[in-house]
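J.: Quick one: structure below, then a few questions.
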Amino acid sequence: MLERLEEIGKLFDYYSNLLNTKHKEVLELYYFQDMSLGEISEILNVTRQGVFDLLKRAENNLQLYEKNLGLIEKNKRIMADLESVRDRLINDVDGKEALISDIEKIIESM
């Protein structure tokens with residue numbers, strides 16, 4: 001469950017503004033306020049099954065946004081590239097020109 005919470009949390013951070021209000025609200029209540037489907041159904045005045053359906057649609061939308069836009073994966077690649085450049089600077093592995101070239105590639109990928 002913790003891995004799922006982390007995954008949804010990261011997707012939510014990147015893509016919550018693309019969700020409609022109901023989807024955003026049900027995700028916040030379920031994952032971040034740790035409410036049960038029954039508790040959420042009372043708050044939103046929908047059935048427990050309706051909450052479940054909203055939750056699954058919201059999760060699917062987040063995953064679809066990442067599949068289509070790939071912002072999280074792109075960010076991971078950029079972070080790995082930056083960490084590599086940092087480590088090379090710390091260990092004084094490459095010359096200045098090689099590092100500048102790598103930094104320019106990272107900038108272009110953004």
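If you're wondering about the labels, chains in the structure tokens are A, B, ... by order shown, residues count from 1 in each chain, ligands from 1 in order shown.
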Please return as a PyMOL selection string: the residues of range 27-108 of chain A that backbone DSSP assigns to alpha helix (DSSP H).
T.: chain A and resi 27+37-44+48-69+71-90+96-108
J.: Would you output that residue set with C-alpha atoms, as a compact mmCIF listing (two decimals), in the first residue's frame?
T.:
```txt
# COMPACT_ATOMS: atom_id res chain seq x y z
CA LEU A 27 -8.07 11.16 -4.29
CA LEU A 37 -14.88 4.65 0.96
CA GLY A 38 -17.83 4.78 3.37
CA GLU A 39 -16.62 8.00 4.98
CA ILE A 40 -16.04 9.58 1.60
CA SER A 41 -19.48 8.49 0.38
CA GLU A 42 -21.07 10.36 3.28
CA ILE A 43 -19.04 13.51 2.59
CA LEU A 44 -19.69 13.51 -1.17
CA ARG A 48 -19.81 3.66 -1.73
CA GLN A 49 -19.69 2.09 -5.21
CA GLY A 50 -19.82 5.57 -6.71
CA VAL A 51 -16.81 6.60 -4.63
CA PHE A 52 -14.96 3.46 -5.72
CA ASP A 53 -15.73 4.21 -9.38
CA LEU A 54 -14.62 7.85 -9.00
CA LEU A 55 -11.41 6.72 -7.31
CA LYS A 56 -10.57 4.20 -10.04
CA ARG A 57 -11.33 6.70 -12.82
CA ALA A 58 -9.16 9.33 -11.12
CA GLU A 59 -6.28 6.85 -10.73
CA ASN A 60 -6.63 5.76 -14.35
CA ASN A 61 -6.62 9.38 -15.50
CA LEU A 62 -3.41 10.09 -13.60
CA GLN A 63 -1.73 7.05 -15.13
CA LEU A 64 -2.98 8.02 -18.59
CA TYR A 65 -1.56 11.53 -18.18
CA GLU A 66 1.84 10.10 -17.30
CA LYS A 67 1.67 7.64 -20.19
CA ASN A 68 0.89 10.43 -22.65
CA LEU A 69 2.97 13.28 -21.20
CA LEU A 71 6.73 14.23 -17.13
CA ILE A 72 7.74 11.99 -14.24
CA GLU A 73 9.94 9.79 -16.41
CA LYS A 74 11.49 12.84 -18.06
CA ASN A 75 12.21 14.32 -14.65
CA LYS A 76 13.87 11.06 -13.54
CA ARG A 77 16.14 11.09 -16.59
CA ILE A 78 17.10 14.72 -16.03
CA MET A 79 17.84 14.04 -12.35
CA ALA A 80 20.03 11.05 -13.25
CA ASP A 81 21.92 13.15 -15.80
CA LEU A 82 22.42 15.96 -13.28
CA GLU A 83 23.62 13.52 -10.62
CA SER A 84 26.12 12.11 -13.12
CA VAL A 85 27.47 15.57 -13.94
CA ARG A 86 27.65 16.43 -10.23
CA ASP A 87 29.57 13.22 -9.46
CA ARG A 88 31.97 13.87 -12.29
CA LEU A 89 32.56 17.39 -10.98
CA ILE A 90 33.16 16.11 -7.45
CA LYS A 96 35.37 21.43 -18.43
CA GLU A 97 34.32 21.13 -22.08
CA ALA A 98 32.81 17.65 -21.65
CA LEU A 99 30.84 18.76 -18.61
CA ILE A 100 29.57 21.90 -20.36
CA SER A 101 28.48 19.76 -23.31
CA ASP A 102 26.57 17.40 -21.03
CA ILE A 103 24.91 20.31 -19.22
CA GLU A 104 23.85 21.79 -22.55
CA LYS A 105 22.29 18.45 -23.52
CA ILE A 106 20.34 18.42 -20.27
CA ILE A 107 19.12 21.97 -20.88
CA GLU A 108 18.02 21.06 -24.42
```
J.: Mind giving me the straight-line distance from CA of Asn45 in chain A to CA of Ser16 in chain A in Å, one decimal?
T.: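 Those two atoms sit 22.2 Å apart.
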J.: What is the distance between CA of Gly9 in chain A and CA of Lys22 in chain A, in Å to one decimal?
T.: 16.7 Å
J.: Have a look at CA of Met35 in chain A and CA of Leu11 in chain A and let me know their distance in Å, one decimal.
T.: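 Distance between the two atoms: 19.3 Å.
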J.: Of the residues A:Gly95, A:Met110, A:Gly70, A:Phe32, which is the one nearest to Arg4 in chain A, using only C-alpha atoms?
T.: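 Among the listed residues, A:Phe32 lies closest to Arg4 in chain A.
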